[in-house]
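Engineer: One structure coming up, written as structure tokens, with questions to follow.
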Amino acid sequence: MGLFSNLFGPASTVLVIDVEALNESLGMKGNVLPRNQLQTLRRLSRFAHREKLEVVAVAAGEPLNKAPGGKKFEGIQVQYCADSKALPAFLAKTVRSKGSGAILVSGNAAAEKLLGPKVSKLRMSTFRKAFDLCGDQEQHSNNAPRSNNAPRGNRPPRPNRQRSQQQPQQQNNDDEPRRERQERKPKTPSQSDAINELIDLVD
């Protein structure tokens with residue numbers, strides 16, 4: 001059972017969602033850019049998939065090229081009303097076409113009035129509780145911290161600090177000056193070799 005079902009009881013057969021009202025509740029008013037409209041539709045698609053619901057998204061204006069009217073867009077059906085003034089009647093018509101199990105998700109009082117009291121309705125503010133929880137859950141799963149047992153990729157093994165700390169203690173104090181002399185000696189020949197190679201290359 002999904003978040004929607006947990007909050008509002010048994011899931012309806014179809015949710016008819018007023019995209020204009022949803023955009024406004026998300027802070028997008030007026031002419032919404034096509035990319036923002038697609039973003040809203042994709043969020044609805046993820047919500048429908050997670051909740052295992054049939055969703056019909058009703059938008060006003062010209063159909064988007066990537067989400068044509070009357071067809072499925074990433075699992076949800078998209079309908080367009082050419083005139084925003086006719087949106088209430090279009091919403092009511094769409095809900096009736098989906099049968100008695102459909103729920104109108106909107107804040108459009110005119111559409112609710114046209115449908116009458118027998119048709120189930122859900123205010124956008126109430127729908128957003130489940131819609132936003134779904135989005136928060138996705139964001140949390142994407143940003144979830146990796147567990148200590150998770151693979152760290154092709155990272156080289158860390159040096160054993162205990163061994164590196166124990167080795168100097170095991171060395172004799174008499175051996176330390178000798179080891180320093182041995183480490184210093186190769187530096188001079190290596191520098192002279194490099195200079196000789198450069199001279200040979202110039203010649």
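Note on naming: chains are A, B, ... as they come in the structure tokens, residues start from 1 per chain, ligands start from 1 in the order shown.
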Name all residues at most 12 Å from A:Lys85 (count only C-alpha atoms; drop same-chain ones fewer than 5 positions away) and give them as a PyMOL selection string.

Structural biologist: chain A and resi 20+59-61+90-91+108+110-111

Engineer: Which neighbours of A:Gly69 fall inside 10 Å, counting only C-alpha atoms, when residues of the same chain fewer than 4 positions from it are skipped, and could you give them as a ChimeraX atom specification?

Structural biologist: /A:57-59,62-65,73,77-81

Engineer: Could you dump the residues just selected with C-alpha atoms as a short mmCIF file (atom, residue, chain, number, x, y, z; two decimals), in the first residue's frame?

Structural biologist:
```
data_model
loop_
_atom_site.label_atom_id
_atom_site.label_comp_id
_atom_site.auth_asym_id
_atom_site.auth_seq_id
_atom_site.Cartn_x
_atom_site.Cartn_y
_atom_site.Cartn_z
CA ALA A 57 -3.23 14.88 -16.13
CA VAL A 58 -5.38 17.69 -17.54
CA ALA A 59 -3.55 20.83 -18.66
CA GLU A 62 -1.14 23.89 -26.49
CA PRO A 63 0.00 20.26 -26.27
CA LEU A 64 3.66 19.67 -25.59
CA ASN A 65 5.70 17.96 -28.30
CA PHE A 73 3.48 10.05 -21.21
CA GLN A 77 -2.43 9.95 -19.76
CA VAL A 78 -2.27 13.63 -20.69
CA GLN A 79 -5.25 15.69 -21.87
CA TYR A 80 -5.22 19.33 -23.00
CA CYS A 81 -7.90 21.99 -22.90
#
```

Engineer: With a distance cut-off of 12 Å and only C-alpha atoms, select the neighbouring residues of A:Gly116, excluding the residue or stretch itself and same-chain residues fewer than 5 positions from it, and output the selection as a PDB file with N, CA, C and O atoms, in the first residue's frame.

Structural biologist:
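For reference, around_38.pdb as written:
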```pdb
ATOM      1  N   ALA A  92     -14.642  18.365 -15.748  1.00  0.00           N
ATOM      2  CA  ALA A  92     -15.847  17.596 -15.396  1.00  0.00           C
ATOM      3  C   ALA A  92     -16.131  16.511 -16.426  1.00  0.00           C
ATOM      4  O   ALA A  92     -16.467  15.365 -16.070  1.00  0.00           O
ATOM      5  N   VAL A  95     -13.603  13.610 -15.971  1.00  0.00           N
ATOM      6  CA  VAL A  95     -13.908  12.787 -14.801  1.00  0.00           C
ATOM      7  C   VAL A  95     -15.078  11.850 -15.098  1.00  0.00           C
ATOM      8  O   VAL A  95     -15.028  10.649 -14.775  1.00  0.00           O
ATOM      9  N   ARG A  96     -16.121  12.376 -15.710  1.00  0.00           N
ATOM     10  CA  ARG A  96     -17.293  11.533 -16.030  1.00  0.00           C
ATOM     11  C   ARG A  96     -16.929  10.411 -16.993  1.00  0.00           C
ATOM     12  O   ARG A  96     -17.463   9.302 -16.897  1.00  0.00           O
ATOM     13  N   LEU A 104     -11.642  13.728  -8.831  1.00  0.00           N
ATOM     14  CA  LEU A 104     -11.108  14.982  -9.349  1.00  0.00           C
ATOM     15  C   LEU A 104     -10.164  15.572  -8.311  1.00  0.00           C
ATOM     16  O   LEU A 104     -10.536  15.785  -7.162  1.00  0.00           O
ATOM     17  N   ALA A 109     -13.424  25.427  -8.112  1.00  0.00           N
ATOM     18  CA  ALA A 109     -14.784  25.356  -7.555  1.00  0.00           C
ATOM     19  C   ALA A 109     -15.823  25.165  -8.649  1.00  0.00           C
ATOM     20  O   ALA A 109     -16.826  24.463  -8.450  1.00  0.00           O
ATOM     21  N   ALA A 110     -15.589  25.756  -9.824  1.00  0.00           N
ATOM     22  CA  ALA A 110     -16.553  25.631 -10.920  1.00  0.00           C
ATOM     23  C   ALA A 110     -16.640  24.188 -11.407  1.00  0.00           C
ATOM     24  O   ALA A 110     -17.735  23.672 -11.675  1.00  0.00           O
ATOM     25  N   ALA A 111     -15.493  23.512 -11.513  1.00  0.00           N
ATOM     26  CA  ALA A 111     -15.490  22.111 -11.945  1.00  0.00           C
ATOM     27  C   ALA A 111     -16.165  21.230 -10.907  1.00  0.00           C
ATOM     28  O   ALA A 111     -16.920  20.311 -11.248  1.00  0.00           O
ATOM     29  N   LYS A 121     -14.087  14.101  -4.829  1.00  0.00           N
ATOM     30  CA  LYS A 121     -13.194  15.217  -5.115  1.00  0.00           C
ATOM     31  C   LYS A 121     -12.109  15.284  -4.051  1.00  0.00           C
ATOM     32  O   LYS A 121     -12.326  14.897  -2.909  1.00  0.00           O
TER      33      LYS A 121
END
```

Engineer: May I ask for the distance between atom CA of A:Leu53 and atom CA of A:Val119, given in Å to one decimal place?

Structural biologist: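 Separation of atom CA of A:Leu53 and atom CA of A:Val119: 18.0 Å.
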
Engineer: Grab the atom CA of A:Leu38 to atom CA of A:Val55 distance for me, in Å with one decimal place.

Structural biologist: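 Those two atoms sit 15.1 Å apart.
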
Engineer: Pull the helix (DSSP H, G or I) assignments for stretch 19-145 of chain A out of DSSP run on the backbone, and list those residues as a short mmCIF file (atom, residue, chain, number, x, y, z; two decimals) with N, CA and C atoms, in the first residue's frame.

Structural biologist:
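Generated output (out-v3.cif):
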```cif
data_model
loop_
_atom_site.label_atom_id
_atom_site.label_comp_id
_atom_site.auth_asym_id
_atom_site.auth_seq_id
_atom_site.Cartn_x
_atom_site.Cartn_y
_atom_site.Cartn_z
N VAL A 19 -3.64 19.99 -13.74
CA VAL A 19 -2.23 20.37 -13.77
C VAL A 19 -2.06 21.85 -13.50
N GLU A 20 -3.03 22.66 -13.94
CA GLU A 20 -2.94 24.10 -13.70
C GLU A 20 -2.95 24.39 -12.20
N ALA A 21 -3.84 23.75 -11.48
CA ALA A 21 -3.91 23.94 -10.03
C ALA A 21 -2.65 23.40 -9.35
N LEU A 22 -2.12 22.30 -9.86
CA LEU A 22 -0.91 21.73 -9.28
C LEU A 22 0.28 22.67 -9.49
N ASN A 23 0.41 23.23 -10.70
CA ASN A 23 1.49 24.17 -10.97
C ASN A 23 1.40 25.39 -10.06
N GLU A 24 0.19 25.90 -9.88
CA GLU A 24 0.00 27.07 -9.01
C GLU A 24 0.39 26.75 -7.57
N SER A 25 0.04 25.57 -7.13
CA SER A 25 0.39 25.19 -5.76
C SER A 25 1.90 25.01 -5.60
N PRO A 34 7.55 25.16 -21.07
CA PRO A 34 7.37 23.74 -21.40
C PRO A 34 8.23 22.80 -20.57
N ARG A 35 9.47 23.19 -20.29
CA ARG A 35 10.34 22.29 -19.51
C ARG A 35 9.81 22.12 -18.09
N ASN A 36 9.21 23.21 -17.53
CA ASN A 36 8.62 23.09 -16.19
C ASN A 36 7.36 22.25 -16.21
N GLN A 37 6.59 22.35 -17.30
CA GLN A 37 5.40 21.51 -17.44
C GLN A 37 5.80 20.04 -17.53
N LEU A 38 6.85 19.76 -18.29
CA LEU A 38 7.34 18.38 -18.39
C LEU A 38 7.85 17.87 -17.05
N GLN A 39 8.47 18.76 -16.29
CA GLN A 39 8.96 18.36 -14.97
C GLN A 39 7.79 17.97 -14.06
N THR A 40 6.70 18.74 -14.13
CA THR A 40 5.51 18.42 -13.33
C THR A 40 4.92 17.08 -13.77
N LEU A 41 4.84 16.86 -15.07
CA LEU A 41 4.29 15.60 -15.58
C LEU A 41 5.17 14.41 -15.17
N ARG A 42 6.47 14.60 -15.17
CA ARG A 42 7.37 13.51 -14.76
C ARG A 42 7.20 13.19 -13.27
N ARG A 43 7.00 14.22 -12.48
CA ARG A 43 6.76 13.98 -11.05
C ARG A 43 5.44 13.23 -10.85
N LEU A 44 4.44 13.60 -11.63
CA LEU A 44 3.17 12.88 -11.56
C LEU A 44 3.34 11.42 -11.99
N SER A 45 4.17 11.22 -13.01
CA SER A 45 4.42 9.86 -13.49
C SER A 45 5.08 9.01 -12.40
N ARG A 46 6.07 9.57 -11.73
CA ARG A 46 6.74 8.83 -10.65
C ARG A 46 5.78 8.56 -9.49
N PHE A 47 4.92 9.55 -9.20
CA PHE A 47 3.93 9.38 -8.15
C PHE A 47 2.96 8.25 -8.49
N ALA A 48 2.46 8.24 -9.75
CA ALA A 48 1.52 7.21 -10.18
C ALA A 48 2.16 5.83 -10.14
N HIS A 49 3.41 5.76 -10.54
CA HIS A 49 4.11 4.47 -10.53
C HIS A 49 4.31 3.97 -9.11
N ARG A 50 4.70 4.85 -8.21
CA ARG A 50 4.95 4.46 -6.83
C ARG A 50 3.65 4.04 -6.14
N GLU A 51 2.58 4.78 -6.41
CA GLU A 51 1.31 4.51 -5.74
C GLU A 51 0.46 3.47 -6.48
N SER A 84 -8.30 28.04 -21.49
CA SER A 84 -8.28 27.91 -20.02
C SER A 84 -9.63 28.24 -19.40
N LYS A 85 -10.44 29.08 -20.09
CA LYS A 85 -11.77 29.42 -19.56
C LYS A 85 -12.70 28.22 -19.58
N ALA A 86 -12.45 27.31 -20.51
CA ALA A 86 -13.29 26.11 -20.63
C ALA A 86 -12.77 24.96 -19.79
N LEU A 87 -11.72 25.20 -18.99
CA LEU A 87 -11.09 24.13 -18.22
C LEU A 87 -12.05 23.46 -17.22
N PRO A 88 -12.90 24.20 -16.49
CA PRO A 88 -13.81 23.53 -15.54
C PRO A 88 -14.71 22.50 -16.22
N ALA A 89 -15.30 22.87 -17.36
CA ALA A 89 -16.17 21.94 -18.08
C ALA A 89 -15.37 20.76 -18.63
N PHE A 90 -14.13 21.03 -19.06
CA PHE A 90 -13.28 19.96 -19.60
C PHE A 90 -12.89 18.98 -18.49
N LEU A 91 -12.59 19.51 -17.33
CA LEU A 91 -12.26 18.64 -16.18
C LEU A 91 -13.45 17.75 -15.82
N ALA A 92 -14.64 18.37 -15.75
CA ALA A 92 -15.85 17.60 -15.40
C ALA A 92 -16.13 16.51 -16.43
N LYS A 93 -15.95 16.85 -17.69
CA LYS A 93 -16.18 15.87 -18.76
C LYS A 93 -15.20 14.71 -18.66
N THR A 94 -13.95 15.03 -18.37
CA THR A 94 -12.91 13.99 -18.27
C THR A 94 -13.19 13.05 -17.10
N VAL A 95 -13.60 13.61 -15.97
CA VAL A 95 -13.91 12.79 -14.80
C VAL A 95 -15.08 11.85 -15.10
N ARG A 96 -16.12 12.38 -15.71
CA ARG A 96 -17.29 11.53 -16.03
C ARG A 96 -16.93 10.41 -16.99
N SER A 97 -16.00 10.68 -17.91
CA SER A 97 -15.63 9.66 -18.90
C SER A 97 -14.86 8.50 -18.26
N ALA A 109 -13.42 25.43 -8.11
CA ALA A 109 -14.78 25.36 -7.56
C ALA A 109 -15.82 25.16 -8.65
N ALA A 110 -15.59 25.76 -9.82
CA ALA A 110 -16.55 25.63 -10.92
C ALA A 110 -16.64 24.19 -11.41
N ALA A 111 -15.49 23.51 -11.51
CA ALA A 111 -15.49 22.11 -11.95
C ALA A 111 -16.16 21.23 -10.91
N GLU A 112 -15.90 21.50 -9.63
CA GLU A 112 -16.53 20.72 -8.56
C GLU A 112 -18.05 20.90 -8.57
N LYS A 113 -18.49 22.11 -8.85
CA LYS A 113 -19.92 22.37 -8.89
C LYS A 113 -20.59 21.65 -10.05
N LEU A 114 -19.92 21.62 -11.20
CA LEU A 114 -20.47 20.93 -12.37
C LEU A 114 -20.61 19.43 -12.13
N LEU A 115 -19.71 18.86 -11.37
CA LEU A 115 -19.73 17.42 -11.11
C LEU A 115 -20.79 17.04 -10.08
N MET A 124 -6.41 20.20 -3.90
CA MET A 124 -5.00 20.12 -4.26
C MET A 124 -4.10 20.16 -3.03
N SER A 125 -4.48 20.94 -2.04
CA SER A 125 -3.67 21.03 -0.82
C SER A 125 -3.59 19.67 -0.11
N THR A 126 -4.66 18.91 -0.17
CA THR A 126 -4.66 17.58 0.44
C THR A 126 -3.84 16.61 -0.39
N PHE A 127 -3.99 16.68 -1.71
CA PHE A 127 -3.22 15.81 -2.60
C PHE A 127 -1.72 16.06 -2.45
N ARG A 128 -1.34 17.31 -2.24
CA ARG A 128 0.07 17.64 -2.13
C ARG A 128 0.76 16.95 -0.96
N LYS A 129 0.00 16.59 0.07
CA LYS A 129 0.60 15.90 1.22
C LYS A 129 1.22 14.58 0.79
N ALA A 130 0.50 13.84 -0.05
CA ALA A 130 1.03 12.58 -0.56
C ALA A 130 2.04 12.81 -1.68
N PHE A 131 1.76 13.80 -2.53
CA PHE A 131 2.63 14.10 -3.67
C PHE A 131 4.01 14.54 -3.20
N ASP A 132 4.05 15.42 -2.19
CA ASP A 132 5.32 15.91 -1.68
C ASP A 132 6.07 14.84 -0.90
N LEU A 133 5.33 14.00 -0.17
CA LEU A 133 5.98 12.91 0.55
C LEU A 133 6.66 11.96 -0.41
N CYS A 134 6.03 11.74 -1.54
CA CYS A 134 6.61 10.86 -2.56
C CYS A 134 7.91 11.46 -3.09
N GLY A 135 7.89 12.78 -3.36
CA GLY A 135 9.09 13.44 -3.84
C GLY A 135 10.19 13.46 -2.81
N ASP A 136 9.84 13.68 -1.53
CA ASP A 136 10.84 13.67 -0.47
C ASP A 136 11.47 12.30 -0.31
N GLN A 137 10.67 11.27 -0.49
CA GLN A 137 11.19 9.90 -0.35
C GLN A 137 12.18 9.60 -1.46
N GLU A 138 11.89 10.07 -2.68
CA GLU A 138 12.81 9.87 -3.80
C GLU A 138 14.12 10.61 -3.57
N GLN A 139 14.00 11.87 -3.08
CA GLN A 139 15.20 12.65 -2.83
C GLN A 139 16.04 12.02 -1.74
N HIS A 140 15.38 11.50 -0.71
CA HIS A 140 16.11 10.86 0.38
C HIS A 140 16.85 9.62 -0.10
N SER A 141 16.21 8.84 -0.97
CA SER A 141 16.85 7.62 -1.46
C SER A 141 18.05 7.95 -2.35
N ASN A 142 17.96 9.07 -3.11
CA ASN A 142 19.07 9.46 -3.96
C ASN A 142 20.24 10.00 -3.17
#
```

Engineer: Please measure the separation of atom CA of A:Leu122 and atom CA of A:Ala67, giving the value in Å to one decimal.

Structural biologist: 24.7 Å

Engineer: Give me the residues near A:Ile103 as an MDAnalysis selection string, where near means some atom within 7 Å (using only C-alpha atoms) and where sequence neighbours in that chain fewer than 2 positions away do not count.

Structural biologist: chainID A and resid 12 14:16 101 105 120:122

Engineer: For all heavy atoms, I'd like the residues from the last selection saved as a compact mmCIF listing (two decimals), in the first residue's frame.

Structural biologist:
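Output (again07.txt):
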```txt
# COMPACT_ATOMS: atom_id res chain seq x y z
N SER A 12 -8.22 5.19 -5.40
CA SER A 12 -9.27 5.25 -6.42
C SER A 12 -8.77 4.60 -7.70
O SER A 12 -7.58 4.40 -7.90
CB SER A 12 -9.67 6.70 -6.67
OG SER A 12 -10.56 6.77 -7.74
N VAL A 14 -9.03 5.95 -10.76
CA VAL A 14 -8.41 6.97 -11.60
C VAL A 14 -8.37 8.29 -10.83
O VAL A 14 -9.34 8.69 -10.20
CB VAL A 14 -9.20 7.18 -12.92
CG1 VAL A 14 -8.49 8.20 -13.81
CG2 VAL A 14 -9.40 5.88 -13.66
N LEU A 15 -7.23 8.96 -10.93
CA LEU A 15 -7.11 10.33 -10.43
C LEU A 15 -7.04 11.26 -11.62
O LEU A 15 -6.13 11.14 -12.45
CB LEU A 15 -5.84 10.50 -9.58
CG LEU A 15 -5.80 9.82 -8.21
CD1 LEU A 15 -4.47 10.14 -7.52
CD2 LEU A 15 -6.96 10.25 -7.35
N VAL A 16 -7.99 12.17 -11.73
CA VAL A 16 -7.97 13.20 -12.77
C VAL A 16 -7.40 14.46 -12.12
O VAL A 16 -8.05 15.08 -11.27
CB VAL A 16 -9.37 13.45 -13.35
CG1 VAL A 16 -9.31 14.55 -14.40
CG2 VAL A 16 -9.94 12.17 -13.96
N GLY A 101 -15.54 5.53 -10.36
CA GLY A 101 -14.40 5.42 -9.45
C GLY A 101 -13.42 6.56 -9.55
O GLY A 101 -12.44 6.60 -8.80
N VAL A 105 -8.93 15.84 -8.75
CA VAL A 105 -7.94 16.48 -7.87
C VAL A 105 -7.74 17.90 -8.39
O VAL A 105 -7.11 18.11 -9.42
CB VAL A 105 -6.60 15.72 -7.88
CG1 VAL A 105 -5.60 16.40 -6.95
CG2 VAL A 105 -6.80 14.27 -7.47
N SER A 120 -16.50 11.97 -6.34
CA SER A 120 -15.44 12.18 -5.34
C SER A 120 -14.49 13.28 -5.79
O SER A 120 -14.14 13.38 -6.97
CB SER A 120 -14.65 10.89 -5.13
OG SER A 120 -15.50 9.85 -4.66
N LYS A 121 -14.09 14.10 -4.83
CA LYS A 121 -13.19 15.22 -5.12
C LYS A 121 -12.11 15.28 -4.05
O LYS A 121 -12.33 14.90 -2.91
CB LYS A 121 -13.97 16.54 -5.15
CG LYS A 121 -15.17 16.52 -6.08
CD LYS A 121 -16.05 17.73 -5.86
CE LYS A 121 -17.37 17.59 -6.61
NZ LYS A 121 -18.24 16.55 -6.01
N LEU A 122 -10.97 15.81 -4.46
CA LEU A 122 -9.85 15.96 -3.54
C LEU A 122 -9.19 17.31 -3.80
O LEU A 122 -8.82 17.61 -4.93
CB LEU A 122 -8.83 14.83 -3.75
CG LEU A 122 -7.71 14.68 -2.74
CD1 LEU A 122 -8.26 14.30 -1.37
CD2 LEU A 122 -6.72 13.63 -3.19
```
